[in-house]
file coords_19.cif (mmCIF, C-alpha atoms)
data_coords
loop_
_atom_site.label_atom_id
_atom_site.label_comp_id
_atom_site.auth_asym_id
_atom_site.auth_seq_id
_atom_site.Cartn_x
_atom_site.Cartn_y
_atom_site.Cartn_z
CA MET A 27 -15.52 8.42 -17.80
CA VAL A 28 -12.00 9.30 -16.56
CA PHE A 29 -10.41 8.24 -19.84
CA LYS A 30 -13.10 10.10 -21.75
CA ILE A 31 -12.50 13.38 -19.91
CA ILE A 32 -8.70 13.31 -19.48
CA LEU A 33 -7.70 11.73 -22.79
CA LYS A 34 -10.64 13.18 -24.74
CA LEU A 35 -11.66 9.83 -26.10
CA SER A 36 -15.02 8.78 -27.42
CA VAL A 37 -17.28 6.54 -25.37
CA SER A 38 -16.33 3.55 -27.52
CA GLN A 39 -12.61 4.29 -27.21
CA SER A 40 -12.88 4.85 -23.45
CA LEU A 41 -14.64 1.50 -23.06
CA CYS A 42 -11.81 -0.18 -24.97
CA ILE A 43 -9.04 1.37 -22.84
CA SER A 44 -10.90 0.84 -19.55
CA THR A 45 -11.56 -2.82 -20.26
CA LEU A 46 -7.94 -3.34 -21.32
CA SER A 47 -6.69 -1.68 -18.12
CA ILE A 48 -8.94 -3.81 -15.90
CA THR A 49 -7.87 -6.97 -17.77
CA PHE A 50 -4.19 -6.18 -17.20
CA PHE A 51 -4.85 -5.36 -13.54
CA LEU A 52 -6.69 -8.63 -12.83
CA SER A 53 -4.21 -10.79 -14.74
CA PHE A 54 -1.05 -9.10 -13.37
CA GLY A 55 -0.22 -11.93 -10.95
CA ILE A 56 -0.83 -14.67 -13.53
CA LEU A 57 1.30 -12.87 -16.10
CA GLN A 58 4.11 -12.34 -13.58
CA ASP A 59 4.08 -16.01 -12.54
CA LEU A 60 4.38 -17.07 -16.18
CA LEU A 61 7.35 -14.76 -16.72
CA PHE A 62 9.07 -16.15 -13.60
CA HIS A 63 9.70 -19.37 -15.53
CA ILE A 64 11.87 -17.57 -18.11
CA LYS A 65 15.05 -17.88 -16.04
CA LYS A 66 17.27 -16.44 -18.76
CA TYR A 67 15.36 -13.15 -18.63
CA LEU A 68 14.35 -12.81 -14.98
CA PHE A 69 14.05 -9.03 -15.36
CA LEU A 70 10.81 -9.65 -17.29
CA SER A 71 9.08 -10.73 -14.07
CA ASN A 72 10.18 -7.61 -12.18
CA SER A 73 7.07 -5.75 -11.00
CA PHE A 74 8.31 -2.33 -12.12
CA PHE A 75 9.36 -3.62 -15.55
CA LEU A 76 6.04 -5.42 -15.95
CA MET A 77 4.13 -2.26 -15.00
CA PHE A 78 6.18 -0.36 -17.57
CA LEU A 79 5.21 -2.88 -20.26
CA ILE A 80 1.54 -2.66 -19.29
CA PHE A 81 1.48 1.16 -19.34
CA THR A 82 3.34 1.08 -22.66
CA ALA A 83 0.73 -1.30 -24.09
CA ILE A 84 -2.14 0.86 -22.82
CA GLY A 85 -0.44 4.05 -24.05
CA SER A 86 0.12 2.51 -27.47
CA THR A 87 -3.53 1.49 -27.62
CA VAL A 88 -4.60 5.04 -26.70
CA TYR A 89 -2.37 6.46 -29.43
CA PHE A 90 -3.66 3.96 -31.99
CA THR A 91 -7.32 4.56 -31.16
CA LYS A 92 -6.90 8.33 -31.38
CA LYS A 93 -4.79 8.14 -34.53
CA LYS A 94 -7.21 5.81 -36.28
CA ASN A 95 -10.43 7.70 -35.94
CA HIS A 96 -12.89 4.85 -36.42
CA THR A 97 -15.34 2.89 -34.30
CA GLN A 98 -13.97 0.30 -31.89
CA ILE A 99 -16.81 -2.19 -32.13
CA ILE A 100 -14.73 -5.22 -33.16
CA THR A 101 -11.88 -4.35 -30.79
CA ASN A 102 -14.28 -3.80 -27.90
CA ARG A 103 -15.98 -7.12 -28.53
CA PHE A 104 -12.65 -8.91 -28.52
CA ILE A 105 -11.39 -7.24 -25.32
CA LEU A 106 -14.72 -7.76 -23.52
CA SER A 107 -14.70 -11.41 -24.56
CA LEU A 108 -11.12 -11.76 -23.30
CA PHE A 109 -12.09 -10.07 -20.03
CA LEU A 110 -15.04 -12.42 -19.50
CA LEU A 111 -12.93 -15.44 -20.43
CA LEU A 112 -10.25 -14.53 -17.87
CA ASN A 113 -12.90 -14.01 -15.18
CA CYS A 114 -14.50 -17.37 -15.93
CA TYR A 115 -11.09 -19.04 -15.81
CA GLU A 116 -10.27 -17.43 -12.45
CA ALA A 117 -13.67 -18.39 -11.01
CA LEU A 118 -13.30 -22.00 -12.20
CA PHE A 119 -9.70 -22.24 -10.96
CA PHE A 120 -10.71 -20.77 -7.59
CA GLY A 121 -13.57 -23.25 -7.22
CA VAL A 122 -11.37 -26.25 -8.06
CA THR A 123 -8.68 -25.00 -5.66
CA ILE A 124 -11.13 -24.67 -2.76
CA ILE A 125 -12.77 -28.05 -3.39
CA SER A 126 -9.44 -29.88 -3.70
CA GLY A 127 -8.15 -28.35 -0.45
CA LYS A 128 -5.26 -26.59 -2.20
CA SER A 129 -6.15 -23.04 -1.23
CA ILE A 130 -3.43 -20.87 0.28
CA TYR A 131 -5.09 -21.04 3.70
CA SER A 132 -5.44 -24.86 3.60
CA ILE A 133 -1.83 -25.38 2.51
CA ALA A 134 -0.47 -22.99 5.13
CA ARG A 135 -2.56 -24.51 7.92
CA ARG A 136 -1.06 -27.98 7.29
CA MET A 137 2.50 -26.69 7.61
CA THR A 138 2.48 -25.93 11.35
CA SER A 139 1.62 -27.82 14.50
CA PRO A 140 0.47 -26.38 17.85
CA ILE A 141 3.29 -25.78 20.34
CA ASN A 142 2.86 -25.86 24.11
CA ILE A 143 4.77 -22.95 25.59
CA THR A 144 5.37 -22.68 29.33
CA LYS A 145 5.00 -19.11 30.52
CA LEU A 146 8.11 -18.17 32.47
CA ASN A 147 7.19 -14.55 33.07
CA THR A 148 4.20 -14.19 35.38
CA GLN A 149 4.67 -10.46 35.95
CA GLN A 150 1.91 -8.10 35.04
CA ILE A 151 4.27 -5.83 33.13
CA LYS A 152 5.84 -7.60 30.17
CA PRO A 153 9.17 -6.44 28.72
CA ASP A 154 9.38 -4.88 25.26
CA ILE A 155 10.84 -7.30 22.71
CA TYR A 156 12.42 -6.07 19.48
CA HIS A 157 13.20 -8.71 16.87
CA ILE A 158 15.43 -7.10 14.23
CA VAL A 159 15.97 -9.02 11.00
CA PHE A 160 18.42 -7.90 8.31
CA ASP A 161 16.52 -9.18 5.31
CA SER A 162 18.60 -10.27 2.28
CA TYR A 163 21.75 -9.42 4.24
CA ALA A 164 24.82 -11.65 4.67
CA ASN A 165 25.89 -12.51 8.21
CA ARG A 166 28.87 -10.92 9.94
CA PRO A 167 31.58 -13.59 9.24
CA THR A 168 30.61 -13.73 5.55
CA LEU A 169 30.85 -9.96 5.17
CA LYS A 170 34.24 -10.00 6.89
CA GLU A 171 35.63 -12.89 4.85
CA TYR A 172 34.52 -11.85 1.36
CA TRP A 173 34.24 -8.06 1.60
CA ASP A 174 36.46 -7.28 4.60
CA TYR A 175 33.56 -5.35 6.11
CA ASP A 176 32.59 -5.35 9.77
CA ASN A 177 29.22 -3.76 10.43
CA ASP A 178 29.35 -1.68 13.62
CA ILE A 179 25.64 -2.31 14.21
CA TYR A 180 26.57 -5.49 16.12
CA PRO A 181 28.69 -3.88 18.88
CA PHE A 182 26.17 -1.03 19.02
CA LEU A 183 23.27 -3.41 19.67
CA ASN A 184 25.35 -5.38 22.18
CA SER A 185 26.13 -2.18 24.07
CA ARG A 186 22.38 -1.52 24.26
CA GLY A 187 21.65 -4.89 25.83
CA PHE A 188 20.50 -6.69 22.70
CA PHE A 189 21.37 -10.33 22.02
CA THR A 190 22.87 -10.54 18.53
CA VAL A 191 23.30 -13.63 16.38
CA ASP A 192 26.05 -12.50 14.04
CA SER A 193 26.52 -15.91 12.34
CA ALA A 194 22.85 -16.55 11.61
CA PHE A 195 21.46 -17.84 8.34
CA SER A 196 17.84 -18.11 7.25
CA ASN A 197 15.73 -21.26 7.53
CA TYR A 198 14.42 -20.81 3.98
CA ASN A 199 15.45 -18.85 0.89
CA SER A 200 12.19 -16.89 0.94
CA THR A 201 11.53 -14.14 3.49
CA PRO A 202 7.87 -15.06 4.31
CA PHE A 203 8.77 -18.72 4.93
CA SER A 204 11.85 -17.84 6.96
CA ILE A 205 10.03 -15.33 9.18
CA SER A 206 7.04 -17.69 9.53
CA SER A 207 9.33 -20.52 10.61
CA THR A 208 11.01 -18.30 13.20
CA PHE A 209 7.81 -16.94 14.71
CA ASN A 210 6.11 -20.37 14.75
CA LEU A 211 9.21 -21.91 16.45
CA GLN A 212 9.37 -24.77 13.96
CA TYR A 213 10.25 -25.71 10.41
CA LEU A 214 7.24 -25.66 8.08
CA LYS A 215 6.10 -29.13 7.02
CA GLY A 216 5.95 -29.62 3.27
CA ALA A 217 7.28 -26.15 2.49
CA GLU A 218 9.92 -27.33 -0.01
CA PRO A 219 7.67 -27.39 -3.13
CA TYR A 220 6.68 -23.77 -2.47
CA GLN A 221 10.19 -22.32 -2.34
CA TYR A 222 10.07 -21.30 -5.98
CA SER A 223 9.64 -17.53 -6.04
CA ASN A 224 6.25 -16.44 -7.36
CA SER A 225 3.27 -14.49 -6.07
CA SER A 226 1.15 -17.47 -4.92
CA ASN A 227 4.05 -19.09 -3.02
CA PHE A 228 4.79 -15.74 -1.39
CA LEU A 229 1.22 -15.67 -0.05
CA VAL A 230 1.54 -19.25 1.25
CA GLY A 231 4.52 -18.24 3.37
CA GLN A 232 2.94 -14.95 4.41
CA GLU A 233 -0.17 -16.73 5.71
CA HIS A 234 1.74 -17.86 8.83
CA ILE A 235 3.05 -14.43 9.82
#
call {"tool": "encode", "arguments": {"input": "coords_19.cif", "output": "structure tokens"}}
result
Amino acid sequence: MVFKIILKLSVSQSLCISTLSITFFLSFGILQDLLFHIKKYLFLSNSFFLMFLIFTAIGSTVYFTKKKNHTQIITNRFILSLFLLLNCYEALFFGVTIISGKSIYSIARRMTSPINITKLNTQQIKPDIYHIVFDSYANRPTLKEYWDYDNDIYPFLNSRGFFTVDSAFSNYNSTPFSISSTFNLQYLKGAEPYQYSNSSNFLVGQEHI
């Protein structure tokens, strides 16, 4: 209805564009993961670039359908069939993943073990704790050695009573895994195969946070 009113398309044309848009939306993660493997052209997997390609494809389809003033019966049948096929594939893949115990939740749950923590502070009023992480940021000695840059945030935080670790480096090369490891006070068991950067691995690491 939105496409019909805004773009002044026919019902058949609106159905074609709507189905195509929903198909792109549901298959965005799969498409991005496939493009991640093209290491020579990593920009293809960039979310903004991928969105640009999708909007370009939808815009081109709108232009074509308006330019060629004919019924979209064959095109609609093809896109609807593609949409149903993708949904069946996702449902089947999801079912197999759950049954085999390879869901994101199951994988993440096996990576950590319970830790017994002795409470040292028995006061009623707990202190405020601020954990500041400079994500994707080199540590202080590296910045000084290679760029001759000394960030004054370190002496500023020290003057405010913060404890700073200026020579720190991350536990993993992925932010969700690194933060999860820090907050769970342990390295994540079996995390190595999931260090490759894609959307599903990101969710595996994020599950612990």
call {"tool": "closest_residue", "arguments": {"input": "coords_19.cif", "among": "A:His63, A:His157, A:Arg166, A:Arg136", "to": "Asp192 in chain A", "atoms": "only C-alpha atoms"}}
result
A:Arg166
call {"tool": "atom_distance", "arguments": {"input": "coords_19.cif", "atom1": "CA of Thr168 in chain A", "atom2": "CA of Thr208 in chain A"}}
result
21.5 Å
call {"tool": "resolve_selection", "arguments": {"input": "coords_19.cif", "expression": "the PyMOL selection byres ((chain A and resi 215) around 9)", "output": "number ranges by chain"}}
result
A: 136-139, 212-214, 216-218
call {"tool": "closest_residue", "arguments": {"input": "coords_19.cif", "among": "A:Ser223, A:Ser40, A:Gln232, A:Thr49", "to": "Leu111 in chain A", "atoms": "all atoms listed in the file"}}
result
A:Thr49
call {"tool": "atom_distance", "arguments": {"input": "coords_19.cif", "atom1": "CA of Pro202 in chain A", "atom2": "CA of Phe228 in chain A"}}
result
6.5 Å
call {"tool": "atom_distance", "arguments": {"input": "coords_19.cif", "atom1": "CA of Asn165 in chain A", "atom2": "CA of Phe188 in chain A"}}
result
16.5 Å
call {"tool": "resolve_selection", "arguments": {"input": "coords_19.cif", "expression": "the PyMOL selection byres ((chain A and resi 51) around 12)", "output": "list in words"}}
result
Ser44, Thr45, Leu46, Ser47, Ile48, Thr49, Phe50, Leu52, Ser53, Phe54, Gly55, Ile56, Leu57, Gln58, Leu76, Met77, Ile80, Phe81, Ile84, Phe109, Leu112 and Asn113 of chain A
call {"tool": "write_last_selection", "arguments": {"input": "coords_19.cif", "atoms": "C-alpha atoms", "output": "tab-separated table (two decimals), keeping the file's coordinate frame"}}
result
chain	number	residue	atom	x	y	z
A	44	SER	CA	-10.90	0.84	-19.55
A	45	THR	CA	-11.56	-2.82	-20.26
A	46	LEU	CA	-7.94	-3.34	-21.32
A	47	SER	CA	-6.69	-1.68	-18.12
A	48	ILE	CA	-8.94	-3.81	-15.90
A	49	THR	CA	-7.87	-6.97	-17.77
A	50	PHE	CA	-4.19	-6.18	-17.20
A	52	LEU	CA	-6.69	-8.63	-12.83
A	53	SER	CA	-4.21	-10.79	-14.74
A	54	PHE	CA	-1.05	-9.10	-13.37
A	55	GLY	CA	-0.22	-11.93	-10.95
A	56	ILE	CA	-0.83	-14.67	-13.53
A	57	LEU	CA	1.30	-12.87	-16.10
A	58	GLN	CA	4.11	-12.34	-13.58
A	76	LEU	CA	6.04	-5.42	-15.95
A	77	MET	CA	4.13	-2.26	-15.00
A	80	ILE	CA	1.54	-2.66	-19.29
A	81	PHE	CA	1.48	1.16	-19.34
A	84	ILE	CA	-2.14	0.86	-22.82
A	109	PHE	CA	-12.09	-10.07	-20.03
A	112	LEU	CA	-10.25	-14.53	-17.87
A	113	ASN	CA	-12.90	-14.01	-15.18
call {"tool": "residues_around", "arguments": {"input": "coords_19.cif", "residues": "Phe62 in chain A", "least_positions_apart": "4", "cutoff": "9 Å", "atoms": "only C-alpha atoms", "output": "list in words"}}
result
Leu57, Gln58, Tyr67, Leu68, Phe69, Leu70, Ser71, Asn72, Ser223 and Asn224 of chain A
call {"tool": "resolve_selection", "arguments": {"input": "coords_19.cif", "expression": "the PyMOL selection byres ((chain A and resi 198) around 10)", "output": "number ranges by chain"}}
result
A: 195-197, 199-207, 213-214, 217-218, 221
call {"tool": "closest_residue", "arguments": {"input": "coords_19.cif", "among": "A:Ile179, A:Leu60, A:Val230, A:Leu211", "to": "Ala134 in chain A", "atoms": "all atoms listed in the file"}}
result
A:Val230
call {"tool": "closest_residue", "arguments": {"input": "coords_19.cif", "among": "A:Gln39, A:Ser185, A:Gln150, A:Asn142", "to": "Val88 in chain A", "atoms": "all atoms listed in the file"}}
result
A:Gln39
call {"tool": "closest_residue", "arguments": {"input": "coords_19.cif", "among": "A:Tyr156, A:Arg103, A:Asn210, A:Cys42", "to": "Pro140 in chain A", "atoms": "all atoms listed in the file"}}
result
A:Asn210
